[in-house]
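Engineer: Questions regarding the structure given below will be posed in turn.
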Amino acid sequence: MAIRSLKRAATSNCTPMSEANVTREIKKAAMTGITQRVATCHELTLLKLPSIAELFPFRFKDTGFELKFILFTCGSCEKPFDIANVHGTCSQVIESVIDLDLVAKCVRCDMITPFQLRISSDRYCNWKDHKGVWNQFRIYEPGRKGVTDAWHDMLGVIKKLGTPN
Ligand SMILES: [Zn+2]
């Protein structure tokens, strides 16, 4: 899901959009067929945090599973994000799991896309879709190709979920 990032929302302490802007957003959403909403305060806060570029490659100490990178794509134009433009938090409450709470801003379409992921050292990835439902998939094979394929699969599912009937 792509989210309209309004500079005004960021600087006015998240004042709700005016009626005119809401209408414009709905029209734009109808035109593009993409689910859009106003970015939340939390998402705008994440956007101000450093990028997660330095996180990769991430190696789980318990199993040795190495996550070389994650491909994130814009929920609006579907172009891949430069990892330097993906911001947010990575927390590791227990050794075998990392939680990623991220947003990325697309310079092309001025939209931000949120990503909420939980990756475990046994190669399972849980991710939250735009309906707030958690989904799971397995990172199938070792090595860079396997990780890339798995993420492409996930993004394919996200695209399907994001497409109106
Ligand atoms: Zn974009």
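Ordered as shown in the structure tokens, chains take letters A, B, and onward, while each chain numbers its residues from 1 and ligands are numbered from 1 in the order shown.
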Kindly provide, as an mmCIF file with N, CA and C atoms, in the first residue's frame, all nucleotide and amino acid residues lying within 10 Å of ligand 1, counting only C-alpha atoms and all ligand atoms.
Structural biologist:
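selection39.cif was written with the following content:
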```cif
data_model
loop_
_atom_site.group_PDB
_atom_site.id
_atom_site.type_symbol
_atom_site.label_atom_id
_atom_site.label_comp_id
_atom_site.auth_asym_id
_atom_site.auth_seq_id
_atom_site.Cartn_x
_atom_site.Cartn_y
_atom_site.Cartn_z
ATOM 1 N N ALA A 2 0.536 2.175 -0.785
ATOM 2 C CA ALA A 2 1.276 3.430 -0.832
ATOM 3 C C ALA A 2 0.547 4.476 -0.008
ATOM 4 N N THR A 73 10.023 -2.543 -2.526
ATOM 5 C CA THR A 73 9.578 -1.783 -3.695
ATOM 6 C C THR A 73 8.439 -0.837 -3.316
ATOM 7 N N CYS A 74 8.348 0.226 -4.069
ATOM 8 C CA CYS A 74 7.346 1.266 -3.819
ATOM 9 C C CYS A 74 5.939 0.697 -4.038
ATOM 10 N N GLY A 75 5.042 0.954 -3.088
ATOM 11 C CA GLY A 75 3.667 0.483 -3.207
ATOM 12 C C GLY A 75 2.880 1.204 -4.286
ATOM 13 N N SER A 76 3.444 2.289 -4.799
ATOM 14 C CA SER A 76 2.751 3.054 -5.831
ATOM 15 C C SER A 76 3.298 2.742 -7.218
ATOM 16 N N CYS A 77 4.604 3.004 -7.432
ATOM 17 C CA CYS A 77 5.163 2.812 -8.785
ATOM 18 C C CYS A 77 5.881 1.468 -8.926
ATOM 19 N N GLU A 78 6.025 0.746 -7.814
ATOM 20 C CA GLU A 78 6.614 -0.599 -7.816
ATOM 21 C C GLU A 78 8.107 -0.631 -8.134
ATOM 22 N N LYS A 79 8.745 0.523 -8.206
ATOM 23 C CA LYS A 79 10.192 0.546 -8.424
ATOM 24 C C LYS A 79 10.897 0.174 -7.110
ATOM 25 N N PRO A 80 12.032 -0.526 -7.218
ATOM 26 C CA PRO A 80 12.740 -0.877 -5.983
ATOM 27 C C PRO A 80 13.324 0.353 -5.293
ATOM 28 N N PHE A 81 13.304 0.324 -3.975
ATOM 29 C CA PHE A 81 13.901 1.405 -3.199
ATOM 30 C C PHE A 81 15.400 1.172 -3.062
ATOM 31 N N ALA A 104 9.571 3.686 3.626
ATOM 32 C CA ALA A 104 10.471 4.182 2.595
ATOM 33 C C ALA A 104 9.722 5.211 1.777
ATOM 34 N N LYS A 105 10.433 6.268 1.428
ATOM 35 C CA LYS A 105 9.795 7.323 0.638
ATOM 36 C C LYS A 105 10.307 7.268 -0.784
ATOM 37 N N CYS A 106 9.374 7.233 -1.731
ATOM 38 C CA CYS A 106 9.743 7.178 -3.141
ATOM 39 C C CYS A 106 9.948 8.601 -3.655
ATOM 40 N N VAL A 107 11.117 8.847 -4.211
ATOM 41 C CA VAL A 107 11.406 10.189 -4.718
ATOM 42 C C VAL A 107 10.663 10.449 -6.027
ATOM 43 N N ARG A 108 10.242 9.369 -6.690
ATOM 44 C CA ARG A 108 9.554 9.540 -7.972
ATOM 45 C C ARG A 108 8.113 10.007 -7.781
ATOM 46 N N CYS A 109 7.397 9.319 -6.867
ATOM 47 C CA CYS A 109 5.968 9.633 -6.759
ATOM 48 C C CYS A 109 5.603 10.289 -5.428
ATOM 49 N N ASP A 110 6.602 10.634 -4.612
ATOM 50 C CA ASP A 110 6.352 11.331 -3.352
ATOM 51 C C ASP A 110 5.349 10.594 -2.467
ATOM 52 N N MET A 111 5.483 9.267 -2.454
ATOM 53 C CA MET A 111 4.630 8.443 -1.615
ATOM 54 C C MET A 111 5.525 7.683 -0.643
ATOM 55 N N ILE A 112 4.990 7.356 0.517
ATOM 56 C CA ILE A 112 5.747 6.480 1.401
ATOM 57 C C ILE A 112 5.026 5.141 1.515
ATOM 58 N N THR A 113 5.819 4.098 1.649
ATOM 59 C CA THR A 113 5.286 2.741 1.766
ATOM 60 C C THR A 113 5.804 2.155 3.074
#
```
Engineer: What lies within 9 Å of region 92-95 of chain A using only C-alpha atoms, ignoring chain neighbours under 6 positions off, as a VMD selection string?
Structural biologist: chain A and resid 60 to 62 120 to 121
Engineer: One number please: CA of Leu100 (chain A) to CA of Arg118 (chain A), in Å, one decimal.
Structural biologist: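 For CA of Leu100 (chain A) relative to CA of Arg118 (chain A), the distance reads 6.2 Å.
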